[in-house]
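**Q** My structure is stored as run_25.txt, with compact mmCIF, C-alpha atoms and all ligand atoms.
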```txt
# COMPACT_ATOMS: atom_id res chain seq x y z
CA MET A 1 161.50 65.68 154.96
CA ILE A 2 164.91 67.19 154.18
CA LEU A 3 167.85 64.79 154.10
CA LEU A 4 171.10 66.13 155.56
CA LEU A 5 174.37 64.44 154.58
CA GLY A 6 177.56 65.30 156.47
CA GLY A 7 175.54 66.84 159.33
CA THR A 8 178.18 65.66 161.83
CA GLY A 9 180.81 67.94 160.28
CA TYR A 10 181.70 71.57 160.95
CA ILE A 11 179.50 72.99 158.19
CA GLY A 12 176.84 70.30 158.56
CA GLU A 13 176.41 71.32 162.19
CA ALA A 14 175.32 74.80 161.05
CA PHE A 15 172.69 73.28 158.72
CA TYR A 16 171.56 70.99 161.54
CA THR A 17 171.10 73.99 163.87
CA GLU A 18 169.28 76.03 161.22
CA LEU A 19 166.93 73.20 160.22
CA ARG A 20 166.03 72.75 163.88
CA ARG A 21 165.54 76.48 164.35
CA ARG A 22 163.10 76.46 161.43
CA SER A 23 161.31 73.40 162.86
CA LEU A 24 161.64 71.70 159.50
CA PRO A 25 161.39 67.90 159.47
CA PHE A 26 164.79 66.50 158.53
CA GLN A 27 166.96 63.45 158.88
CA ASN A 28 170.66 63.76 159.66
CA LEU A 29 172.12 60.67 158.01
CA THR A 30 175.65 59.50 158.80
CA ARG A 31 177.85 57.09 156.85
CA ALA A 32 177.85 54.85 159.93
CA GLU A 33 174.06 54.38 159.52
CA VAL A 34 173.85 54.15 155.74
CA ASP A 35 176.91 54.52 153.56
CA TYR A 36 175.48 57.29 151.38
CA THR A 37 178.77 57.47 149.46
CA LYS A 38 177.71 54.20 147.76
CA PHE A 39 175.21 54.64 144.93
CA ARG A 40 173.70 51.20 145.63
CA GLU A 41 172.94 52.22 149.24
CA LEU A 42 171.92 55.82 148.59
CA VAL A 43 169.32 55.12 145.88
CA PRO A 44 167.22 52.61 147.91
CA PHE A 45 167.46 54.93 150.92
CA LEU A 46 166.09 57.84 148.86
CA GLY A 47 163.38 55.54 147.49
CA ARG A 48 162.30 54.50 151.00
CA THR A 49 162.38 57.90 152.69
CA LYS A 50 161.45 60.16 149.75
CA PRO A 51 163.05 63.42 150.93
CA SER A 52 161.77 66.62 149.33
CA PHE A 53 165.31 68.07 149.28
CA VAL A 54 168.84 66.83 150.01
CA VAL A 55 171.58 68.96 151.57
CA ASN A 56 175.09 67.66 150.99
CA CYS A 57 177.66 68.94 153.50
CA ALA A 58 179.79 65.81 153.26
CA GLY A 59 183.27 66.05 151.86
CA TYR A 60 186.92 65.54 152.63
CA THR A 61 188.82 68.61 153.85
CA GLY A 62 191.97 67.03 155.30
CA LYS A 63 193.04 67.15 158.93
CA PRO A 64 194.60 69.20 160.45
CA ASN A 65 194.46 71.19 157.18
CA VAL A 66 194.42 70.91 153.39
CA ASP A 67 198.06 69.80 153.30
CA ALA A 68 196.72 66.36 154.33
CA CYS A 69 194.81 66.17 151.02
CA GLU A 70 198.13 66.07 149.16
CA LEU A 71 198.93 62.81 150.95
CA ASN A 72 195.41 61.32 150.86
CA ARG A 73 194.57 61.94 147.23
CA ALA A 74 192.22 59.01 146.68
CA GLU A 75 190.15 59.96 149.73
CA THR A 76 190.11 63.60 148.62
CA LEU A 77 188.78 62.71 145.17
CA LEU A 78 186.28 60.24 146.60
CA GLY A 79 184.98 62.73 149.16
CA ASN A 80 184.80 65.84 146.96
CA THR A 81 184.38 64.68 143.39
CA VAL A 82 183.05 61.11 143.21
CA LEU A 83 180.61 61.67 146.08
CA ALA A 84 179.21 64.80 144.39
CA GLN A 85 178.62 62.80 141.22
CA THR A 86 177.10 59.87 143.11
CA ILE A 87 174.58 62.15 144.84
CA ALA A 88 173.85 63.96 141.57
CA GLN A 89 173.10 60.70 139.76
CA ALA A 90 171.02 59.32 142.64
CA CYS A 91 168.98 62.54 143.04
CA ASP A 92 168.54 62.84 139.29
CA MET A 93 167.27 59.27 139.06
CA MET A 94 164.88 59.77 142.00
CA GLN A 95 163.94 63.31 140.81
CA ILE A 96 164.91 64.97 144.07
CA PRO A 97 166.26 68.54 144.11
CA TRP A 98 169.37 69.08 146.19
CA GLY A 99 172.13 71.45 147.29
CA HIS A 100 175.86 70.84 147.38
CA VAL A 101 178.39 72.67 149.56
CA SER A 102 181.27 73.66 147.34
CA SER A 103 184.05 76.12 147.97
CA GLY A 104 185.40 79.44 146.75
CA CYS A 105 188.89 77.94 147.00
CA ILE A 106 188.75 77.06 143.29
CA TYR A 107 189.89 80.65 142.62
CA SER A 108 193.03 82.58 143.39
CA GLY A 109 193.13 86.36 143.59
CA ALA A 110 190.52 88.75 142.25
CA LYS A 111 189.67 90.97 139.31
CA ILE A 112 191.50 94.26 139.43
CA VAL A 113 190.15 97.35 137.72
CA GLU A 114 192.88 99.78 136.71
CA ASN A 115 192.63 102.63 134.21
CA GLY A 116 189.25 101.37 133.07
CA LEU A 117 190.59 97.88 132.28
CA VAL A 118 189.70 94.71 134.19
CA ARG A 119 192.30 91.96 134.63
CA ILE A 120 192.56 88.83 136.75
CA GLU A 121 195.33 89.05 139.30
CA ALA A 122 195.99 85.66 140.90
CA ASP A 123 198.40 86.93 143.55
CA LEU A 124 197.15 89.90 145.53
CA THR A 125 200.30 89.97 147.68
CA LYS A 126 202.50 91.12 144.79
CA PRO A 127 203.92 94.47 146.00
CA ASP A 128 202.51 96.60 143.14
CA VAL A 129 199.06 94.97 143.41
CA ALA A 130 199.01 95.20 147.23
CA GLU A 131 199.97 98.87 146.99
CA LEU A 132 197.18 99.54 144.48
CA ILE A 133 194.60 97.78 146.68
CA GLU A 134 195.77 99.76 149.72
CA ARG A 135 195.51 103.05 147.82
CA GLN A 136 192.29 102.26 145.98
CA PRO A 137 190.31 99.41 147.60
CA THR A 138 187.47 99.84 145.09
CA CYS A 139 189.76 98.42 142.39
CA VAL A 140 189.02 94.90 143.73
CA GLN A 141 186.16 92.96 142.14
CA GLY A 142 185.18 89.42 143.03
CA PHE A 143 184.93 86.39 140.78
CA LYS A 144 181.42 85.75 139.51
CA GLU A 145 179.80 82.32 139.23
CA THR A 146 180.36 82.44 135.47
CA ASP A 147 184.14 82.90 135.80
CA GLU A 148 186.29 79.83 135.13
CA PRO A 149 188.10 78.52 138.21
CA ASN A 150 191.78 79.52 138.06
CA PHE A 151 193.02 77.29 140.91
CA SER A 152 192.23 73.80 139.65
CA PHE A 153 193.64 70.77 137.81
CA ARG A 154 193.05 72.73 134.60
CA LYS A 155 194.81 75.84 135.92
CA PRO A 156 197.75 74.77 138.10
CA PRO A 157 199.46 75.52 140.41
CA CYS A 158 196.75 74.63 142.91
CA SER A 159 196.21 72.42 145.92
CA PHE A 160 194.86 68.91 145.43
CA TYR A 161 191.93 69.82 147.70
CA SER A 162 190.93 72.86 145.60
CA ALA A 163 191.32 70.88 142.41
CA SER A 164 189.06 68.12 143.75
CA LYS A 165 186.40 70.74 144.62
CA ALA A 166 186.64 72.35 141.16
CA LEU A 167 186.32 68.93 139.56
CA GLY A 168 183.38 68.29 141.90
CA GLU A 169 181.64 71.30 140.37
CA GLU A 170 182.57 70.18 136.88
CA VAL A 171 180.91 66.77 137.28
CA LEU A 172 177.72 68.52 138.43
CA ALA A 173 177.54 70.79 135.41
CA GLY A 174 175.36 68.43 133.39
CA PHE A 175 172.69 68.07 136.09
CA ASP A 176 169.81 70.42 136.73
CA ARG A 177 167.64 70.93 139.84
CA LEU A 178 170.56 71.50 142.13
CA PHE A 179 172.23 74.35 143.95
CA VAL A 180 175.99 74.62 144.19
CA TRP A 181 176.72 76.76 147.25
CA ARG A 182 180.23 78.16 147.41
CA LEU A 183 181.48 78.68 150.95
CA ARG A 184 184.64 80.59 151.78
CA ILE A 185 186.66 80.55 155.05
CA PRO A 186 183.95 79.95 157.67
CA PHE A 187 183.92 82.01 160.87
CA ASP A 188 181.50 82.78 163.68
CA GLU A 189 181.30 83.67 167.37
CA PHE A 190 182.08 80.17 168.68
CA ASP A 191 185.72 79.54 169.54
CA GLY A 192 186.94 76.28 168.00
CA PRO A 193 189.70 74.76 165.89
CA ARG A 194 187.81 75.18 162.58
CA ASN A 195 186.79 78.82 163.10
CA TYR A 196 188.87 81.34 161.11
CA LEU A 197 188.80 83.82 164.02
CA SER A 198 190.13 81.16 166.41
CA LYS A 199 192.76 80.01 163.93
CA ILE A 200 194.13 83.53 163.56
CA GLN A 201 194.43 83.82 167.33
CA ARG A 202 196.21 80.45 167.58
CA TYR A 203 198.75 80.76 164.78
CA SER A 204 202.23 81.60 165.98
CA LYS A 205 202.59 83.76 162.87
CA VAL A 206 199.78 85.08 160.68
CA TYR A 207 199.60 84.98 156.88
CA ASP A 208 198.26 88.26 155.48
CA ASN A 209 196.08 88.11 152.38
CA VAL A 210 192.86 89.33 150.81
CA ASN A 211 189.74 87.15 151.03
CA SER A 212 186.00 86.89 150.98
CA ILE A 213 184.72 84.97 154.00
CA SER A 214 181.43 83.38 155.11
CA HIS A 215 179.75 83.56 158.50
CA ARG A 216 178.96 79.89 159.12
CA GLY A 217 175.40 80.28 160.45
CA GLU A 218 174.52 82.89 157.85
CA PHE A 219 175.88 80.62 155.13
CA ALA A 220 173.53 77.79 156.15
CA ARG A 221 170.61 80.24 156.42
CA ALA A 222 171.30 81.71 152.98
CA CYS A 223 171.58 78.26 151.36
CA LEU A 224 168.28 77.12 152.87
CA ASP A 225 166.68 80.46 151.94
CA LEU A 226 167.55 79.86 148.29
CA TRP A 227 165.65 76.60 148.40
CA ASP A 228 162.83 78.06 150.51
CA ARG A 229 162.31 80.90 148.01
CA ARG A 230 162.57 78.52 145.08
CA ALA A 231 165.36 80.66 143.64
CA PRO A 232 166.65 79.44 140.28
CA PHE A 233 168.91 76.40 140.60
CA GLY A 234 172.59 76.89 139.81
CA VAL A 235 175.87 78.04 141.32
CA TYR A 236 175.91 80.73 144.03
CA ASN A 237 178.79 82.44 145.81
CA VAL A 238 177.54 82.41 149.41
CA THR A 239 179.90 84.82 151.15
CA ASN A 240 179.36 87.95 153.19
CA PRO A 241 179.46 90.71 150.56
CA GLY A 242 182.84 92.43 150.31
CA TRP A 243 186.27 91.24 151.32
CA THR A 244 188.75 91.68 154.10
CA THR A 245 192.43 91.18 154.84
CA THR A 246 193.99 89.13 157.60
CA ARG A 247 195.54 92.36 158.90
CA LYS A 248 192.12 94.02 159.20
CA VAL A 249 190.72 90.96 160.99
CA VAL A 250 193.65 91.05 163.42
CA GLU A 251 192.95 94.76 164.08
CA ARG A 252 189.30 94.01 164.83
CA ILE A 253 190.25 91.06 167.09
CA ARG A 254 192.69 93.22 169.04
CA GLU A 255 190.20 96.05 169.41
CA ILE A 256 186.96 94.19 170.14
CA LEU A 257 188.43 91.35 172.23
CA ARG A 258 190.82 93.85 173.86
CA LEU A 259 193.81 91.60 173.25
CA GLN A 260 197.10 93.08 174.33
CA ARG A 261 199.32 90.63 172.46
CA ASP A 262 201.15 91.50 169.27
CA PHE A 263 200.56 89.43 166.14
CA GLU A 264 203.54 88.52 164.04
CA PHE A 265 203.08 88.20 160.25
CA TRP A 266 204.99 86.11 157.75
CA LYS A 267 207.28 88.51 155.94
CA SER A 268 206.51 87.15 152.48
CA ASP A 269 204.79 84.37 150.58
CA GLU A 270 208.19 82.82 150.07
CA GLU A 271 208.79 82.59 153.85
CA PHE A 272 205.26 81.27 154.50
CA TYR A 273 205.54 78.46 151.94
CA ARG A 274 209.12 77.60 152.89
CA ILE A 275 208.33 77.16 156.58
CA ALA A 276 204.61 76.82 157.29
CA ALA A 277 202.67 75.38 154.34
CA LYS A 278 203.27 72.55 151.91
CA THR A 279 200.66 73.17 149.25
CA PRO A 280 199.53 76.48 147.66
CA ARG A 281 196.68 78.18 149.51
CA SER A 282 193.78 79.81 147.73
CA ASN A 283 193.16 83.43 148.67
CA CYS A 284 190.40 85.05 146.69
CA VAL A 285 187.52 87.47 146.46
CA LEU A 286 184.06 86.31 145.38
CA ASP A 287 181.20 88.43 144.08
CA ALA A 288 177.97 87.71 146.00
CA THR A 289 175.72 89.85 143.75
CA LYS A 290 173.90 86.86 142.26
CA LEU A 291 172.91 85.60 145.71
CA LEU A 292 171.74 89.05 146.84
CA SER A 293 169.75 89.51 143.62
CA THR A 294 167.46 86.64 144.70
CA GLY A 295 166.50 88.63 147.82
CA VAL A 296 168.57 86.43 150.16
CA ARG A 297 170.44 88.58 152.65
CA MET A 298 173.99 88.25 153.95
CA ARG A 299 175.41 91.02 156.10
CA PRO A 300 178.39 92.99 154.74
CA VAL A 301 181.61 91.34 155.83
CA GLU A 302 182.66 94.10 158.27
CA GLU A 303 179.31 93.95 160.07
CA ALA A 304 179.31 90.15 160.32
CA LEU A 305 182.90 90.08 161.60
CA ASP A 306 182.40 92.77 164.24
CA GLU A 307 179.18 91.16 165.46
CA ALA A 308 180.87 87.73 165.76
CA LEU A 309 183.68 89.28 167.81
CA ARG A 310 181.27 91.23 170.03
CA ARG A 311 179.45 87.97 170.78
CA TRP A 312 182.70 86.00 171.18
N1 LIG X 1 185.49 73.98 156.63
C1 LIG X 1 185.91 74.78 155.67
O1 LIG X 1 186.79 75.65 155.87
C2 LIG X 1 185.28 74.71 154.30
C3 LIG X 1 185.45 75.79 153.41
C4 LIG X 1 184.86 75.72 152.15
C5 LIG X 1 184.14 74.59 151.79
N2 LIG X 1 184.02 73.55 152.66
C6 LIG X 1 183.27 72.36 152.22
O2 LIG X 1 182.24 72.11 153.14
C7 LIG X 1 181.97 70.71 153.20
C8 LIG X 1 181.98 70.28 154.66
O3 LIG X 1 183.24 70.58 155.24
P1 LIG X 1 183.46 70.45 156.81
O4 LIG X 1 184.52 71.43 157.15
O5 LIG X 1 182.16 70.48 157.53
O6 LIG X 1 184.07 68.98 156.87
P2 LIG X 1 184.08 67.96 158.12
O7 LIG X 1 183.92 68.70 159.40
O8 LIG X 1 185.28 67.10 157.93
O9 LIG X 1 182.76 67.10 157.92
C9 LIG X 1 182.53 66.40 156.74
C10 LIG X 1 181.51 65.32 156.97
O10 LIG X 1 181.41 64.61 155.74
C11 LIG X 1 181.13 63.25 155.98
N3 LIG X 1 181.97 62.51 155.02
C12 LIG X 1 181.55 61.84 153.94
N4 LIG X 1 182.56 61.32 153.25
C13 LIG X 1 183.65 61.66 153.90
C14 LIG X 1 185.04 61.39 153.71
N5 LIG X 1 185.49 60.68 152.67
N6 LIG X 1 185.92 61.91 154.59
C15 LIG X 1 185.51 62.64 155.64
N7 LIG X 1 184.20 62.92 155.89
C16 LIG X 1 183.30 62.44 155.03
C17 LIG X 1 181.37 62.97 157.45
O11 LIG X 1 180.12 62.68 158.02
P3 LIG X 1 179.59 61.20 158.41
O12 LIG X 1 180.75 60.26 158.26
O13 LIG X 1 179.12 61.36 159.82
O14 LIG X 1 178.48 60.91 157.49
C18 LIG X 1 181.92 64.29 158.01
O15 LIG X 1 181.34 64.62 159.26
C19 LIG X 1 183.07 70.04 152.36
O16 LIG X 1 182.55 69.73 151.09
C20 LIG X 1 184.13 71.11 152.23
O17 LIG X 1 184.87 70.98 151.04
C21 LIG X 1 184.54 73.59 153.91
```
For this file, produce the structure as structure tokens.
**A**
Amino acid sequence: MILLLGGTGYIGEAFYTELRRRSLPFQNLTRAEVDYTKFRELVPFLGRTKPSFVVNCAGYTGKPNVDACELNRAETLLGNTVLAQTIAQACDMMQIPWGHVSSGCIYSGAKIVENGLVRIEADLTKPDVAELIERQPTCVQGFKETDEPNFSFRKPPCSFYSASKALGEEVLAGFDRLFVWRLRIPFDEFDGPRNYLSKIQRYSKVYDNVNSISHRGEFARACLDLWDRRAPFGVYNVTNPGWTTTRKVVERIREILRLQRDFEFWKSDEEFYRIAAKTPRSNCVLDATKLLSTGVRMRPVEEALDEALRRW
């Protein structure tokens, strides 16, 4: 039996659907049934039910968005850092392998290759960097799993949410027999308040930036595939290979959904942060090579985006 934690959430729902599709025996445990955030409740539960694998999709993301994490700091740390450590200790003690949903938001920017030199550029909206990317898109390389997070408590400025996720990964570093699955900006074909493609259509003004993104269903499939194939444990960037910009996504939305309306963009980062956002947002590119090298497939980002919009 596979134990699913956080299966009532947006990402957990995708694991729930995928586990059902695979006809795998699983239990979707909620905090209301057993408070799995408490070590003293989780350990006896694991002892009684003896799952072969645990999937942790539970965490605190802030509602309506990550700005709420700045105000609810204790809950953010409990949900993203302490809970990760609690599950790690419980699974380690009971010798149960598990997977943890982390986030790519612990990075900002990308690696830029220019004149044969590679450098980390944290802000891809800087005019000279944006111009280089426009002229030569191949200059963009994603962060690898071995790269240090650069949007964390150790590397401010950052958001409290991102920092709590980076710290969540840090507390897991000493444990083995676990996957850390990094998700980035989930989207799919189902309109809803958490879907990136819906959010873009609902914003009064859109924030342009460069990002890797993850198709939600494909993310859950890829994570379970890693376990199914008995791929080596460790950290994996689980994003659709490649990257996109908000402007490109808007173009595809307008074309495929045949939307007549014009989209207005924030003129600059300065305007966006002055008016629309309280805490810094992570925008970043991740390298999915390690995931693909295990034989797990994720469609290139353009293909996954277009297909989601065609099935909208
Ligand atoms: N959505 C995104 O854009 C995104 C992007 C990257 C990474 N992630 C990560 O993916 C994981 C799941 O995110 P999500 O978007 O699915 O979140 P969500 O919709 O808010 O669901 C999270 C689930 O976690 C459980 N939970 C346990 N402790 C909690 C707490 N202190 N506060 C709130 N919920 C708690 C709840 O389930 P029960 O109470 O029913 O047990 C809840 O349904 C998180 O670790 C998040 O950091 C999300």
**Q** Excluding range 213-222 of chain A and residues on its chain fewer than 2 positions from it, collect all residues at most 8 Å away from it, counting only C-alpha atoms, and give them as a ChimeraX atom specification.
**A** /A:11,14-15,18,183-188,211,224-226,238-240,243-244,296-298,301,304-305
**Q** For a cut-off of 9 Å around (183.5, 91.4, 144.0), file coordinates, pick out all residues using all atoms listed in the file and list them as a count of residues only.
**A** 16
**Q** Using all atoms listed in the file, determine which residues fall within 9 Å of ligand LIG 1 (chain X), then list them as a PyMOL selection string.
**A** chain A and resi 5-14+28-37+56-63+65+75-80+83-84+100-105+161-162+164-165+181-187+194-196+214
**Q** Of the candidates A:Glu303, A:Glu170, A:Glu270, A:Asp92, which one gets nearest to Phe153 in chain A if we count only C-alpha atoms?
**A** A:Glu170
**Q** Kindly extract all protein, DNA and RNA residues lying within 10 Å of the coordinates (202.4, 87.5, 168.0) given in the file, considering all atoms listed in the file, and supply them as an mmCIF file with C-alpha atoms, keeping the file's coordinate frame.
**A**
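Saved to part.cif:
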```
data_model
loop_
_atom_site.group_PDB
_atom_site.id
_atom_site.type_symbol
_atom_site.label_atom_id
_atom_site.label_comp_id
_atom_site.auth_asym_id
_atom_site.auth_seq_id
_atom_site.Cartn_x
_atom_site.Cartn_y
_atom_site.Cartn_z
ATOM 1 C CA GLN A 201 194.430 83.820 167.330
ATOM 2 C CA ARG A 202 196.210 80.450 167.580
ATOM 3 C CA TYR A 203 198.750 80.760 164.780
ATOM 4 C CA SER A 204 202.230 81.600 165.980
ATOM 5 C CA LYS A 205 202.590 83.760 162.870
ATOM 6 C CA VAL A 206 199.780 85.080 160.680
ATOM 7 C CA GLN A 260 197.100 93.080 174.330
ATOM 8 C CA ARG A 261 199.320 90.630 172.460
ATOM 9 C CA ASP A 262 201.150 91.500 169.270
ATOM 10 C CA PHE A 263 200.560 89.430 166.140
ATOM 11 C CA GLU A 264 203.540 88.520 164.040
ATOM 12 C CA PHE A 265 203.080 88.200 160.250
#
```
**Q** Please measure the separation of CA of Ile87 in chain A and CA of Val54 in chain A, giving the value in Å to one decimal.
**A** 9.0 Å
**Q** So which one's closest to Val82 in chain A, A:Leu124, A:Leu309, A:Ile275, A:Leu167? Using only C-alpha atoms, please.
**A**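 Among the listed residues, A:Leu167 lies closest to Val82 in chain A.
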**Q** Using only C-alpha atoms, pick whichever of A:Thr81, A:Arg73, A:Leu3, A:Leu257 has the shortest atom-to-atom distance to Glu189 in chain A.
**A**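 Answer, going by the shortest atom-to-atom distance: A:Leu257.
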**Q** Which polymer residues have any atom within 12 Å of an atom of Gln136 in chain A, counting all atoms listed in the file, with same-chain residues fewer than 3 positions away left out, as an MDAnalysis selection string?
**A** chainID A and resid 112:115 129:133 139:141
**Q** For the residues in the current selection, export C-alpha atoms as an mmCIF file, in the coordinates of the input.
**A**
```
data_model
loop_
_atom_site.group_PDB
_atom_site.id
_atom_site.type_symbol
_atom_site.label_atom_id
_atom_site.label_comp_id
_atom_site.auth_asym_id
_atom_site.auth_seq_id
_atom_site.Cartn_x
_atom_site.Cartn_y
_atom_site.Cartn_z
ATOM 1 C CA ILE A 112 191.500 94.260 139.430
ATOM 2 C CA VAL A 113 190.150 97.350 137.720
ATOM 3 C CA GLU A 114 192.880 99.780 136.710
ATOM 4 C CA ASN A 115 192.630 102.630 134.210
ATOM 5 C CA VAL A 129 199.060 94.970 143.410
ATOM 6 C CA ALA A 130 199.010 95.200 147.230
ATOM 7 C CA GLU A 131 199.970 98.870 146.990
ATOM 8 C CA LEU A 132 197.180 99.540 144.480
ATOM 9 C CA ILE A 133 194.600 97.780 146.680
ATOM 10 C CA CYS A 139 189.760 98.420 142.390
ATOM 11 C CA VAL A 140 189.020 94.900 143.730
ATOM 12 C CA GLN A 141 186.160 92.960 142.140
#
```
**Q** Residues within 9 Å of Met93 in chain A, please, as a list in words. Count all atoms listed in the file; anything in the same chain fewer than 4 positions from it doesn't count.
**A**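 Skipping anything fewer than 4 positions along the chain leaves Val43, Ala88 and Gln89 of chain A.
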**Q** Work out how far apart CA of Lys248 in chain A and CA of Ser108 in chain A are and give it in Å to one decimal.
**A**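 Rounded to one decimal, the two atoms are 19.5 Å apart.
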**Q** Quick one: what's the axis-aligned box for range 218-225 of chain A, all listed atoms, 8 Å on every side, centre and edges in Å to one decimal, as JSON?
**A**
```
{"center_x": 171.3, "center_y": 80.0, "center_z": 154.6, "size_x": 25.2, "size_y": 21.8, "size_z": 22.5}
```
**Q** Rounded to one decimal place, report the CA of Ile2 in chain A-CA of Ala74 in chain A distance in Å.
**A** 29.5 Å
